[in-house]
Every structure is written in structure tokens, then in C-alpha cells.
file coords34.txt (compact mmCIF, C-alpha atoms and all ligand atoms)
# COMPACT_ATOMS: atom_id res chain seq x y z
CA MET V 1 4.35 19.93 3.45
CA GLU V 2 2.35 16.78 4.17
CA PHE V 3 3.49 13.63 2.38
CA TYR V 4 1.21 10.57 2.21
CA VAL V 5 1.50 7.21 0.45
CA LYS V 6 -1.51 4.96 -0.01
CA PHE V 7 -1.71 1.45 -1.47
CA TRP V 8 -4.63 0.75 -3.79
CA GLY V 9 -3.30 -2.38 -5.49
CA THR V 10 -0.51 -4.66 -4.30
CA ARG V 11 -1.04 -7.87 -6.27
CA GLY V 12 1.21 -8.92 -9.10
CA SER V 13 0.34 -10.20 -12.56
CA ILE V 14 -3.47 -10.59 -12.38
CA PRO V 15 -6.28 -9.40 -10.10
CA THR V 16 -6.81 -12.07 -7.45
CA PRO V 17 -9.98 -11.35 -5.49
CA GLY V 18 -11.47 -13.73 -2.94
CA TYR V 19 -11.25 -14.83 0.64
CA ARG V 20 -7.63 -16.06 0.26
CA THR V 21 -6.38 -12.53 -0.45
CA LYS V 22 -8.71 -10.56 1.79
CA LYS V 23 -6.00 -9.07 3.97
CA PHE V 24 -3.37 -7.92 1.46
CA GLY V 25 -5.86 -7.44 -1.36
CA GLY V 26 -6.32 -8.75 -4.87
CA ASN V 27 -6.07 -5.61 -7.00
CA THR V 28 -3.04 -5.11 -9.22
CA SER V 29 -0.46 -2.34 -8.85
CA CYS V 30 -1.52 1.16 -7.93
CA VAL V 31 0.03 3.50 -5.37
CA GLU V 32 -1.13 7.03 -4.62
CA ILE V 33 1.32 9.64 -3.36
CA ARG V 34 0.07 13.00 -2.11
CA ILE V 35 2.57 15.72 -1.41
CA GLY V 36 0.98 19.00 -0.42
CA GLN V 37 -1.62 19.66 -3.12
CA GLU V 38 -0.02 17.42 -5.70
CA LEU V 39 -1.36 14.00 -6.62
CA ILE V 40 0.98 11.37 -8.03
CA ILE V 41 -0.26 7.97 -9.17
CA CYS V 42 2.23 5.16 -9.70
CA ASP V 43 0.82 2.59 -12.12
CA ALA V 44 -2.75 2.02 -13.16
CA GLY V 45 -3.46 -1.58 -12.22
CA SER V 46 -6.97 -2.61 -11.19
CA GLY V 47 -6.50 -0.79 -7.86
CA LEU V 48 -6.84 2.48 -9.80
CA ARG V 49 -10.58 1.90 -10.20
CA GLU V 50 -11.22 2.20 -6.45
CA MET V 51 -8.77 5.07 -6.20
CA GLY V 52 -10.72 6.98 -8.86
CA LEU V 53 -14.03 6.38 -7.09
CA ASP V 54 -12.48 7.75 -3.92
CA LEU V 55 -10.87 10.73 -5.66
CA VAL V 56 -14.11 12.10 -7.10
CA THR V 57 -15.69 12.23 -3.63
CA ARG V 58 -12.86 14.18 -1.97
CA LYS V 59 -13.56 17.64 -0.65
CA GLN V 60 -10.12 18.85 -1.59
CA GLN V 61 -9.43 18.18 -5.27
CA PRO V 62 -5.87 18.23 -6.61
CA PRO V 63 -5.12 20.82 -9.31
CA GLN V 64 -3.99 17.94 -11.56
CA GLY V 65 -2.75 14.36 -11.35
CA HIS V 66 0.61 12.95 -12.44
CA PHE V 67 0.80 9.35 -13.68
CA PHE V 68 4.11 7.54 -13.50
CA PHE V 69 4.12 4.14 -15.17
CA SER V 70 6.77 1.56 -14.32
CA HIS V 71 6.01 -0.16 -17.63
CA ALA V 72 3.03 -1.11 -19.70
CA HIS V 73 2.47 -4.74 -18.74
CA TRP V 74 -1.23 -5.29 -18.46
CA ASP V 75 -1.37 -5.55 -14.68
CA HIS V 76 -0.01 -1.98 -14.56
CA ILE V 77 -2.42 -0.33 -17.01
CA GLN V 78 -5.63 -2.36 -16.88
CA GLY V 79 -7.33 -0.06 -14.35
CA PHE V 80 -7.09 3.01 -16.55
CA PRO V 81 -10.24 2.43 -18.67
CA PHE V 82 -12.19 2.21 -15.39
CA PHE V 83 -10.71 5.34 -13.81
CA LEU V 84 -13.77 7.55 -13.31
CA PRO V 85 -11.93 10.92 -13.22
CA ALA V 86 -10.66 10.26 -16.76
CA TYR V 87 -14.31 10.64 -17.88
CA GLN V 88 -14.74 14.02 -16.19
CA SER V 89 -13.70 17.24 -17.93
CA SER V 90 -12.67 18.92 -14.67
CA TYR V 91 -9.56 16.75 -14.40
CA THR V 92 -6.14 17.11 -15.98
CA PHE V 93 -3.65 14.25 -15.96
CA PHE V 94 -0.07 14.10 -17.13
CA VAL V 95 1.46 10.81 -18.21
CA TYR V 96 5.24 10.79 -17.76
CA GLY V 97 7.98 8.90 -19.50
CA THR V 98 11.26 9.37 -21.32
CA SER V 99 10.50 10.62 -24.83
CA ALA V 100 10.25 7.19 -26.47
CA GLU V 101 8.69 5.57 -23.41
CA GLY V 102 6.24 8.40 -22.79
CA VAL V 103 4.83 8.03 -26.25
CA ARG V 104 4.84 4.25 -25.88
CA VAL V 105 2.97 4.24 -22.55
CA TYR V 106 0.49 6.82 -23.86
CA ASP V 107 -0.05 4.75 -27.03
CA LEU V 108 -0.50 1.54 -25.05
CA LEU V 109 -2.94 3.22 -22.66
CA SER V 110 -5.00 4.43 -25.57
CA GLY V 111 -4.45 1.17 -27.46
CA GLN V 112 -6.16 -0.92 -24.77
CA MET V 113 -9.21 1.29 -25.22
CA GLN V 114 -9.70 0.54 -28.91
CA SER V 115 -13.13 -0.81 -29.71
CA SER V 116 -12.03 -4.45 -29.90
CA TYR V 117 -11.02 -4.32 -26.24
CA HIS V 118 -13.16 -1.63 -24.64
CA PRO V 119 -16.47 0.11 -25.47
CA VAL V 120 -15.19 3.66 -24.93
CA ASP V 121 -12.39 5.01 -27.11
CA PHE V 122 -9.51 6.90 -25.51
CA SER V 123 -10.33 9.97 -27.61
CA GLU V 124 -13.77 10.13 -25.97
CA LEU V 125 -12.33 10.64 -22.48
CA SER V 126 -13.38 14.04 -21.18
CA ALA V 127 -10.40 14.69 -18.94
CA ASN V 128 -7.44 16.57 -20.32
CA ILE V 129 -4.73 13.87 -20.63
CA GLN V 130 -1.29 14.84 -21.84
CA ALA V 131 2.01 13.02 -22.30
CA ARG V 132 4.97 14.67 -20.58
CA GLU V 133 8.65 13.97 -21.05
CA LEU V 134 11.26 13.34 -18.41
CA SER V 135 14.51 15.08 -19.13
CA GLU V 136 17.41 12.66 -18.65
CA GLY V 137 15.11 10.60 -16.48
CA LYS V 138 14.24 13.47 -14.15
CA THR V 139 11.56 16.08 -13.63
CA GLN V 140 10.25 18.48 -10.99
CA ILE V 141 6.67 18.92 -9.88
CA ASP V 142 6.05 21.90 -7.65
CA GLY V 143 9.30 21.37 -5.74
CA ILE V 144 9.06 17.58 -5.77
CA GLU V 145 12.22 16.07 -7.28
CA VAL V 146 11.42 13.05 -9.44
CA ASP V 147 14.24 10.75 -10.51
CA SER V 148 14.22 7.40 -12.29
CA TYR V 149 16.27 4.23 -12.58
CA ALA V 150 16.05 1.48 -15.20
CA MET V 151 15.27 -1.92 -13.70
CA ASN V 152 15.78 -5.46 -14.90
CA HIS V 153 12.42 -6.76 -16.16
CA PRO V 154 11.35 -8.34 -19.46
CA GLY V 155 10.85 -5.36 -21.79
CA GLY V 156 12.31 -3.03 -19.13
CA ALA V 157 10.70 -1.18 -16.24
CA THR V 158 11.34 2.16 -14.59
CA THR V 159 11.69 2.81 -10.88
CA TYR V 160 10.85 6.31 -9.61
CA SER V 161 11.89 8.31 -6.57
CA PHE V 162 9.88 11.26 -5.24
CA ALA V 163 11.72 13.55 -2.86
CA ILE V 164 10.98 16.80 -1.09
CA ASP V 165 12.48 18.51 1.97
CA GLY V 166 14.80 15.59 2.71
CA ARG V 167 11.98 13.02 2.56
CA LYS V 168 12.01 10.35 -0.13
CA THR V 169 9.72 7.57 -1.32
CA ILE V 170 10.65 5.09 -4.05
CA TYR V 171 8.28 3.06 -6.21
CA ALA V 172 10.04 0.06 -7.77
CA SER V 173 7.78 -2.34 -9.60
CA ASP V 174 8.44 -4.56 -11.52
CA CYS V 175 12.03 -5.65 -11.08
CA GLU V 176 14.21 -8.73 -10.81
CA VAL V 177 16.91 -7.45 -8.51
CA ASP V 178 18.27 -10.99 -8.22
CA ALA V 179 19.23 -10.95 -11.90
CA VAL V 180 21.80 -8.20 -11.39
CA LEU V 181 23.49 -9.48 -8.22
CA ALA V 182 27.27 -9.67 -8.53
CA ASN V 183 27.19 -13.03 -6.72
CA ARG V 184 24.06 -14.33 -8.37
CA GLU V 185 25.10 -18.01 -8.52
CA GLU V 186 26.36 -18.04 -4.96
CA SER V 187 23.19 -16.36 -3.67
CA LEU V 188 21.06 -19.01 -5.35
CA ALA V 189 23.11 -21.92 -4.02
CA ASP V 190 23.25 -20.39 -0.54
CA PRO V 191 20.32 -18.09 0.23
CA GLN V 192 22.01 -17.10 3.50
CA ALA V 193 24.92 -15.52 1.62
CA PRO V 194 24.87 -11.71 1.42
CA ARG V 195 23.48 -10.47 -1.88
CA ARG V 196 25.89 -8.14 -3.65
CA LEU V 197 24.00 -5.31 -5.29
CA PRO V 198 25.03 -2.89 -8.03
CA THR V 199 26.38 0.32 -6.50
CA THR V 200 24.27 2.52 -8.78
CA MET V 201 21.12 0.79 -7.54
CA VAL V 202 22.10 1.13 -3.88
CA ASP V 203 22.86 4.82 -4.49
CA PHE V 204 19.45 5.34 -6.06
CA PHE V 205 17.71 3.88 -3.00
CA ARG V 206 20.01 5.72 -0.55
CA ASP V 207 18.27 6.92 2.65
CA ALA V 208 14.73 6.51 1.34
CA ASP V 209 12.10 6.85 4.05
CA LEU V 210 9.96 4.32 2.23
CA ALA V 211 10.86 1.95 -0.61
CA ILE V 212 8.01 0.07 -2.27
CA ILE V 213 9.57 -2.80 -4.20
CA ASP V 214 8.43 -5.82 -6.19
CA GLY V 215 9.19 -8.81 -3.97
CA GLN V 216 6.84 -11.28 -5.61
CA TYR V 217 8.59 -14.49 -4.62
CA THR V 218 9.79 -16.44 -1.65
CA ASP V 219 13.31 -17.90 -1.94
CA GLN V 220 11.81 -21.28 -2.82
CA GLU V 221 9.36 -19.97 -5.44
CA TYR V 222 12.07 -17.97 -7.18
CA LEU V 223 14.11 -21.06 -8.06
CA ASP V 224 11.42 -22.07 -10.59
CA ARG V 225 10.87 -18.52 -11.86
CA ILE V 226 14.33 -17.19 -12.62
CA GLY V 227 14.16 -14.66 -15.45
CA TRP V 228 10.44 -13.95 -15.01
CA GLY V 229 11.26 -10.39 -13.95
CA HIS V 230 10.48 -10.38 -10.23
CA SER V 231 12.62 -10.42 -7.09
CA ARG V 232 12.95 -12.65 -4.11
CA ALA V 233 11.45 -10.59 -1.26
CA THR V 234 14.50 -11.38 0.89
CA THR V 235 16.85 -9.79 -1.67
CA LEU V 236 15.06 -6.48 -1.12
CA VAL V 237 16.11 -6.61 2.53
CA ASP V 238 19.78 -6.63 1.50
CA LEU V 239 19.12 -3.74 -0.88
CA ALA V 240 17.23 -1.72 1.73
CA VAL V 241 19.84 -2.36 4.43
CA ALA V 242 22.73 -1.49 2.09
CA ALA V 243 21.00 1.75 1.10
CA GLY V 244 19.94 2.75 4.63
CA VAL V 245 16.23 2.64 3.74
CA LYS V 246 13.98 3.15 6.78
CA GLN V 247 10.87 1.23 5.68
CA LEU V 248 10.53 -1.47 3.05
CA ALA V 249 7.10 -2.24 1.62
CA VAL V 250 7.20 -5.54 -0.26
CA THR V 251 4.62 -5.47 -3.05
CA HIS V 252 3.48 -7.22 -6.27
CA HIS V 253 2.47 -10.30 -4.27
CA ASP V 254 2.23 -13.46 -6.32
CA PRO V 255 -1.36 -14.44 -7.25
CA MET V 256 -0.68 -17.89 -5.81
CA GLN V 257 0.10 -16.43 -2.39
CA ALA V 258 -2.78 -16.43 0.09
CA ASP V 259 -2.65 -13.96 2.99
CA ASP V 260 -0.82 -16.42 5.23
CA ASP V 261 1.76 -17.03 2.50
CA VAL V 262 2.41 -13.29 2.19
CA SER V 263 2.72 -13.05 5.98
CA ARG V 264 5.29 -15.89 5.98
CA LYS V 265 7.19 -14.19 3.13
CA ILE V 266 7.36 -11.00 5.22
CA ALA V 267 8.39 -12.93 8.36
CA ALA V 268 11.35 -14.34 6.38
CA CYS V 269 12.30 -10.78 5.39
CA ARG V 270 12.12 -9.61 9.01
CA SER V 271 14.34 -12.49 10.14
CA ARG V 272 16.86 -11.59 7.46
CA ALA V 273 16.90 -7.93 8.49
CA GLU V 274 17.43 -8.99 12.09
CA ARG V 275 20.25 -11.32 11.08
CA LEU V 276 21.86 -8.42 9.23
CA GLY V 277 21.70 -6.43 12.47
CA SER V 278 19.36 -3.86 10.94
CA ASP V 279 16.33 -2.14 12.45
CA LEU V 280 14.75 -1.88 8.99
CA ILE V 281 10.95 -1.95 9.13
CA VAL V 282 9.59 -4.48 6.63
CA PHE V 283 5.94 -5.02 5.84
CA GLY V 284 3.72 -6.45 3.14
CA ALA V 285 2.05 -3.67 1.17
CA ARG V 286 -1.69 -4.08 1.57
CA GLU V 287 -4.70 -2.45 0.00
CA GLY V 288 -6.17 0.48 1.90
CA MET V 289 -3.05 1.11 3.99
CA GLU V 290 -1.81 4.67 4.10
CA LEU V 291 1.45 5.97 5.55
CA LYS V 292 2.50 9.47 6.41
CA ILE V 293 6.10 10.24 5.53
CA ASP V 294 7.46 12.46 8.29
CA MET L 1 -6.85 -15.72 25.53
CA ASP L 2 -10.41 -16.92 25.82
CA SER L 3 -13.06 -14.36 24.88
CA GLU L 4 -14.96 -15.08 28.13
CA GLU L 5 -12.15 -13.40 30.04
CA TYR L 6 -13.03 -10.02 28.56
CA LYS L 7 -15.47 -7.60 30.04
CA THR L 8 -17.47 -6.35 27.09
CA ASP L 9 -18.49 -2.72 26.64
CA THR L 10 -21.04 -1.92 24.00
CA THR L 11 -19.74 1.39 22.74
CA ASP L 12 -22.99 2.37 21.10
CA PRO L 13 -26.38 1.53 22.63
CA LEU L 14 -27.98 1.80 19.19
CA ALA L 15 -25.38 -0.43 17.60
CA GLU L 16 -27.74 -3.39 17.50
CA SER L 17 -30.24 -1.48 15.36
CA ILE L 18 -27.78 -0.51 12.65
CA ARG L 19 -26.16 -3.88 12.29
CA PRO L 20 -26.71 -5.73 9.03
CA HIS L 21 -29.54 -8.21 8.79
CA THR L 22 -27.68 -11.34 9.65
CA ASP L 23 -28.93 -14.44 11.36
CA PRO L 24 -29.06 -13.27 15.00
CA ASP L 25 -28.20 -16.76 16.19
CA THR L 26 -24.88 -16.80 14.39
CA PHE L 27 -24.01 -13.13 13.91
CA ARG L 28 -20.94 -11.93 15.79
CA PRO L 29 -20.06 -8.22 15.85
CA SER L 30 -16.54 -7.00 15.17
CA VAL L 31 -14.60 -6.64 18.39
CA LEU L 32 -11.44 -4.94 19.58
CA LYS L 33 -9.87 -6.98 22.34
CA GLN L 34 -7.50 -4.98 24.44
CA THR L 35 -4.68 -7.29 25.48
CA GLN L 36 -2.23 -4.77 26.98
CA GLY L 37 -2.29 -1.34 28.56
CA PRO L 38 -4.57 0.37 31.10
CA GLY L 39 -7.79 -1.56 31.67
CA ALA L 40 -6.71 -4.72 29.84
CA PRO L 41 -8.01 -7.30 29.30
CA LYS L 42 -11.17 -5.76 27.97
CA GLY L 43 -13.33 -6.03 24.86
CA PHE L 44 -14.99 -3.28 22.82
CA VAL L 45 -17.81 -4.18 20.50
CA LEU L 46 -17.74 -2.14 17.30
CA GLY L 47 -21.15 -1.27 15.99
CA ALA L 48 -21.44 2.47 15.41
CA GLU L 49 -20.67 4.17 12.11
CA GLU L 50 -17.92 6.18 13.75
CA LEU L 51 -16.01 5.78 17.00
CA ILE L 52 -13.27 7.87 18.53
CA MET L 53 -10.56 6.31 20.65
CA GLY L 54 -8.61 8.56 22.98
CA ARG L 55 -7.89 9.83 26.46
CA SER L 56 -10.76 12.32 26.41
CA SER L 57 -13.67 11.57 28.74
CA ASP L 58 -16.08 11.81 25.81
CA ALA L 59 -14.14 9.38 23.62
CA ASP L 60 -16.22 6.36 22.57
CA ILE L 61 -13.34 4.08 23.49
CA ARG L 62 -11.54 5.71 26.36
CA ILE L 63 -7.97 4.75 27.26
CA ASP L 64 -6.70 6.62 30.25
CA ALA L 65 -2.97 6.96 29.67
CA SER L 66 -0.83 10.05 29.23
CA GLU L 67 0.83 8.86 26.00
CA ILE L 68 -2.55 8.65 24.33
CA SER L 69 -3.91 11.82 22.73
CA ARG L 70 -7.32 13.12 23.71
CA LYS L 71 -8.68 12.16 20.30
CA HIS L 72 -6.11 9.66 19.07
CA LEU L 73 -7.78 7.79 16.24
CA VAL L 74 -11.14 7.26 14.61
CA PHE L 75 -12.80 4.06 13.45
CA ARG L 76 -15.18 4.42 10.52
CA LYS L 77 -17.46 1.74 9.20
CA ILE L 78 -17.11 1.00 5.49
CA GLY L 79 -19.59 -1.68 4.51
CA GLN L 80 -18.89 -4.52 6.92
CA GLU L 81 -15.35 -3.34 7.61
CA TYR L 82 -13.75 -0.73 9.80
CA ALA L 83 -11.12 1.75 8.67
CA CYS L 84 -9.00 3.40 11.33
CA THR L 85 -7.32 6.77 10.87
CA ASP L 86 -4.79 8.55 13.06
CA LEU L 87 -6.13 11.94 14.17
CA ASN L 88 -2.67 13.55 14.14
CA SER L 89 -1.97 11.97 17.50
CA ARG L 90 1.29 12.70 19.29
CA ASN L 91 2.53 9.10 19.45
CA GLY L 92 0.95 7.57 16.38
CA VAL L 93 -0.93 4.39 15.55
CA TYR L 94 0.87 1.13 14.81
CA LEU L 95 -0.67 -1.67 12.79
CA ASN L 96 1.19 -4.96 13.21
CA GLY L 97 4.27 -2.94 14.15
CA VAL L 98 4.12 -0.43 11.28
CA LYS L 99 3.25 3.22 11.89
CA ILE L 100 0.24 4.01 9.74
CA HIS L 101 -1.90 7.00 8.93
CA SER L 102 -4.89 4.83 8.08
CA ALA L 103 -5.83 1.26 7.20
CA ILE L 104 -8.79 -1.04 6.79
CA LEU L 105 -8.73 -3.48 9.67
CA LYS L 106 -8.60 -7.19 8.94
CA ASP L 107 -9.20 -10.14 11.21
CA GLY L 108 -6.19 -10.81 13.42
CA ASP L 109 -4.66 -7.34 13.11
CA LEU L 110 -2.81 -5.95 16.11
CA LEU L 111 -3.30 -2.27 16.72
CA GLN L 112 -0.97 -0.44 19.09
CA VAL L 113 -1.91 2.94 20.51
CA GLY L 114 0.59 4.14 23.08
CA GLY L 115 0.99 1.29 25.55
CA ALA L 116 -2.39 -0.20 24.69
CA VAL L 117 -2.57 -3.16 22.30
CA PHE L 118 -5.75 -4.37 20.63
CA LEU L 119 -6.52 -7.50 18.68
CA TYR L 120 -9.15 -6.92 15.98
CA ARG L 121 -11.64 -9.70 15.43
CA GLU L 122 -13.87 -9.25 12.40
CA GLY L 123 -17.52 -10.03 12.90
CA GLY L 124 -19.96 -11.58 10.49
ZN ZN G 301 3.57 -6.53 -12.84
ZN ZN G 302 5.80 -6.57 -15.60

call {"tool": "encode", "arguments": {"input": "coords34.txt", "output": "C-alpha cells"}}
result
Amino acid sequence: MEFYVKFWGTRGSIPTPGYRTKKFGGNTSCVEIRIGQELIICDAGSGLREMGLDLVTRKQQPPQGHFFFSHAHWDHIQGFPFFLPAYQSSYTFFVYGTSAEGVRVYDLLSGQMQSSYHPVDFSELSANIQARELSEGKTQIDGIEVDSYAMNHPGGATTYSFAIDGRKTIYASDCEVDAVLANREESLADPQAPRRLPTTMVDFFRDADLAIIDGQYTDQEYLDRIGWGHSRATTLVDLAVAAGVKQLAVTHHDPMQADDDVSRKIAACRSRAERLGSDLIVFGAREGMELKID
Amino acid sequence: MDSEEYKTDTTDPLAESIRPHTDPDTFRPSVLKQTQGPGAPKGFVLGAEELIMGRSSDADIRIDASEISRKHLVFRKIGQEYACTDLNSRNGVYLNGVKIHSAILKDGDLLQVGGAVFLYREGG
């Protein structure tokens, strides 16, 4: 079964268009995963708008789409009111969450479309949109095993894994992995020190072919943003290496980072992986890039 | 490497006619500069709506090397940009060292196809 992952939005916090962000893109979080016939959409940041425009022109239409939301911060839901397929009756979308969360995300999605914020009310959308519950954080979609893990982020955020036939992709945005390090103080005082990660987290990421993780900050930037809910990109290298991840896509780039800044952030990650003696592939997630998971 | 050192192939004789209306004195087309592999150094001007790169004799950009599939990848014009997509090639397409299925090329990107390496320079 063919397994593709495509980045439609890789910017954190707020859309950041312009010449400074031309390479990695300025749209906020949105990742498309296609496994066989199934369409999975992780987060509905502003990148979802382009994704929707592309989806309606495809020759092969998915039977339905499955939305997984990390959380309902605005940069992860703001694209939804501009998602063209939501206005077309031929589409069915499921919005997943744990029972409380599912209702909450669904309510917040519809809430941002109340008349004070948006001219079209959620109830006027023609597509069939339904909330679906995860059972103990898990579900199955046509043979695809979906699992989840609670991440450290203000208000909480959920990380998802999608696995089939021994292939696994993880979407982890937003998260402050640095906040849960066992040697947090030491790792701040000495960035070279190994970062000790919670075993449950390492287990969740174990042997992923691709892990897409919020690595908004450089080591330097993070020192002034502790507790803001985002990781140092370099910390993700330690996580990926510990878990035997094959490819790490650093995403949720800070709006202040121009393309060259993101490239330098990734170069620091590659040096760290090399220093750890790992052949981990690290790259900056960028808009329009699509990977095939073999 | 200086651009003068490249032999330049226009891959599409009609390319000039479908280029955007830009000041002809300053307009530069997008170019793929082959820096490694058979035939390098060499430059390929991108102008057509669609171009195939591969080992096949009818490929628009022909690279004669056994590790390159007959039709290895396709470049498609989207506005002023080019997207490249792997055509299920045997050895894959690498963008800045990462194996991709497809991507929109950006100035300065390095594309590796078998032993051939290309530097993409965006026109405008
Ligand atoms: Zn965010
Ligand atoms: Zn957030």
C-alpha cells in the first residue's frame, strides 16, 4: 500500500508570507498523509487552504478524509474556514479526538466560524463533518493503526502515530520536549550534554520511518522562551536517535526565522546527530515537499 | 563555479515564447546547473511547461548513466516555479540530501539523481 506524506504548512504561531520565508514557506501547520485510498490531515493551519484547492482537482478522490488535531491553538485551526472541500456536499470528514477533546476541537472549529469571526456559519457547510472518538487514545482506519501521546504544551497537545505494514509516521506538533527532560537544568547550562528523555516518549517514537516534530527554536532562542510550549530543534535529534527514528522533519518554524535561519537551525541538528554517531536524516519541513514512506 | 563555464542547452525551442512578459534585458530563466555526473559541467534552461529527465533518448534532459531510470523525474511549471516529481525511478530523487517524492524547487536547491548533481537557480 502506498504511503505518502506531504507538507502544506510548516510555520509556527502565525502565517509568515514573504521573501524571507520563500523556501520553507509561511503557512501554518498542515500535513497530509495518504495511505492507500485513505486521506489523513494533521492540523488545519493556513496550509490547509492550498491543500483543499489541490484536493478538489485530483482525479482520484478519497472516500473520506480524517482530521487529526494536535490541539486547537489558532495556528492549527485557522485554515479550516477556507478549506474548499468543506463547502462541497460530496465530501465526508471525520474529526478525531478523545471524547472530551473531540467535542472540544469540534466546538472550537465551529466556534471560529460564528458570525462575529467569519461570514459563513459552520452549520452551513455542505460537507458531512462528524466528530469521532478515539478509544483509549487509539483508533483504526482501514488497517492503519492510529495511536496518540499527550505532549507538554500550554493547554496540552496530542501527538499521533500512523502505522501500517511495519511503516510508521509520527506527527508531533506542538510540544516542548525540553520541559520533560530528566536533566533539564544540566541540558540548559550545557547544551552539549545528552538530553535525557522520558522512556514512554522514546517508546512512542520507536523505529518511526518519519517523525515530524515541533522544533521551533534554536538553542539560543529557547533560553528566552522557556515554557512557551515549543522545543529546541536539537533536542529532537536526541529523541530521534534514542528511538531509532530514520528521518526527522523539524517543523513549526519560528515566524522570526528567515530561510537562512531555518537552514542554520537544521545544520546544528545535523552536527548533533553526527556527534551522536547517528546516521539520522534531519531536514527542515518545507511547504510543497512530499515523501514516500517505503 | 562561474556560469560562463557551462554549455547551455535550451531544452525547448519554444520556451522563449511561453515565458512571462518580463523585461527582456533583465529577465533570467530558471536554470539547472549540472555540477557532477556524466556530461558535467552543463546547464539546462528550464522553459517548457513539462520536462522529463532520464536516460531515455527522448528525455528532455538526458543523462546517460545506468543508475538513472529511462524516465526518472518530471519537472512541471507552476506559475513561475518548477515542481519536480519522481516517476517511480529505481534509485530515487534526493533534494538537499533527502529522498523526496516531489517538491517545489527553490533557488539554491541541490538535486541529486543517481550520480548526477544539479544546482537549481530560479529565474526572474
Ligand atoms: Zn502551533
Ligand atoms: Zn500551540

call {"tool": "residues_around", "arguments": {"input": "coords34.txt", "residues": "V:Ile281", "least_positions_apart": "5", "cutoff": "7 Å", "atoms": "only C-alpha atoms", "output": "JSON, numbers by chain"}}
result
{"V": [246, 247, 248]}

call {"tool": "atom_distance", "arguments": {"input": "coords34.txt", "atom1": "atom CA of V:Val95", "atom2": "atom CA of V:Leu236"}}
result
27.9 Å

call {"tool": "axis_aligned_box", "arguments": {"input": "coords34.txt", "around": "stretch 168-187 of chain V", "padding_each_side": "5 Å", "output": "AutoDock Vina command-line options"}}
result
--center_x 17.5 --center_y -3.8 --center_z -6.0 --size_x 29.5 --size_y 38.4 --size_z 21.8

call {"tool": "interface_residues", "arguments": {"input": "coords34.txt", "of": "chain V", "to": "chain L", "cutoff": "9 Å", "atoms": "all atoms listed in the file", "output": "ChimeraX atom specification"}}
result
/V:4,6,22-23,247,281-283,286-292

call {"tool": "residues_near_ligand", "arguments": {"input": "coords34.txt", "ligand": "ligand ZN 302 (chain G)", "cutoff": "9 Å", "atoms": "all atoms listed in the file", "output": "list in words"}}
result
Gly12, Ser13, Ser70, His71, Ala72, His73, Trp74, Asp75, His76, His153, Pro154, Gly155, Gly156, Ala157, Ser173, Asp174, Cys175, Trp228, Gly229 and His230 of chain V

call {"tool": "write_last_selection", "arguments": {"input": "coords34.txt", "atoms": "C-alpha atoms", "output": "PDB file, keeping the file's coordinate frame"}}
result
ATOM      1  CA  GLY V  12       1.210  -8.920  -9.100  1.00  0.00           C
ATOM      2  CA  SER V  13       0.340 -10.200 -12.560  1.00  0.00           C
ATOM      3  CA  SER V  70       6.770   1.560 -14.320  1.00  0.00           C
ATOM      4  CA  HIS V  71       6.010  -0.160 -17.630  1.00  0.00           C
ATOM      5  CA  ALA V  72       3.030  -1.110 -19.700  1.00  0.00           C
ATOM      6  CA  HIS V  73       2.470  -4.740 -18.740  1.00  0.00           C
ATOM      7  CA  TRP V  74      -1.230  -5.290 -18.460  1.00  0.00           C
ATOM      8  CA  ASP V  75      -1.370  -5.550 -14.680  1.00  0.00           C
ATOM      9  CA  HIS V  76      -0.010  -1.980 -14.560  1.00  0.00           C
ATOM     10  CA  HIS V 153      12.420  -6.760 -16.160  1.00  0.00           C
ATOM     11  CA  PRO V 154      11.350  -8.340 -19.460  1.00  0.00           C
ATOM     12  CA  GLY V 155      10.850  -5.360 -21.790  1.00  0.00           C
ATOM     13  CA  GLY V 156      12.310  -3.030 -19.130  1.00  0.00           C
ATOM     14  CA  ALA V 157      10.700  -1.180 -16.240  1.00  0.00           C
ATOM     15  CA  SER V 173       7.780  -2.340  -9.600  1.00  0.00           C
ATOM     16  CA  ASP V 174       8.440  -4.560 -11.520  1.00  0.00           C
ATOM     17  CA  CYS V 175      12.030  -5.650 -11.080  1.00  0.00           C
ATOM     18  CA  TRP V 228      10.440 -13.950 -15.010  1.00  0.00           C
ATOM     19  CA  GLY V 229      11.260 -10.390 -13.950  1.00  0.00           C
ATOM     20  CA  HIS V 230      10.480 -10.380 -10.230  1.00  0.00           C
TER      21      HIS V 230
END

call {"tool": "residues_around", "arguments": {"input": "coords34.txt", "residues": "L:Asp58", "least_positions_apart": "6", "cutoff": "12 Å", "atoms": "only C-alpha atoms", "output": "MDAnalysis selection string"}}
result
chainID L and resid 11 51:52 64 70:71

call {"tool": "atom_distance", "arguments": {"input": "coords34.txt", "atom1": "atom CA of V:Ile164", "atom2": "atom CA of V:Met1"}}
result
8.6 Å

call {"tool": "residues_around", "arguments": {"input": "coords34.txt", "residues": "L:Ser89", "least_positions_apart": "3", "cutoff": "6 Å", "atoms": "all atoms listed in the file", "output": "list in words"}}
result
Ser69, His72 and Gly92 of chain L

call {"tool": "residues_around", "arguments": {"input": "coords34.txt", "residues": "V:Leu223", "least_positions_apart": "6", "cutoff": "10 Å", "atoms": "all atoms listed in the file", "output": "short mmCIF file (atom, residue, chain, number, x, y, z; two decimals) with C-alpha atoms, in the frame of the given file"}}
result
data_model
loop_
_atom_site.label_atom_id
_atom_site.label_comp_id
_atom_site.auth_asym_id
_atom_site.auth_seq_id
_atom_site.Cartn_x
_atom_site.Cartn_y
_atom_site.Cartn_z
CA LEU V 188 21.06 -19.01 -5.35
CA ALA V 189 23.11 -21.92 -4.02
CA TYR V 217 8.59 -14.49 -4.62
CA ARG V 232 12.95 -12.65 -4.11
#

call {"tool": "closest_residue", "arguments": {"input": "coords34.txt", "among": "V:Arg195, V:Arg167, V:Arg272, V:His252", "to": "ligand ZN 301 (chain G)", "atoms": "all atoms listed in the file"}}
result
V:His252

call {"tool": "residues_near_point", "arguments": {"input": "coords34.txt", "point": "(1.9, 4.7, 21.2)", "cutoff": "7 Å", "atoms": "all atoms listed in the file", "output": "list in words"}}
result
Glu67, Ile68, Asn91, Gly92, Val93, Gln112, Val113, Gly114 and Gly115 of chain L
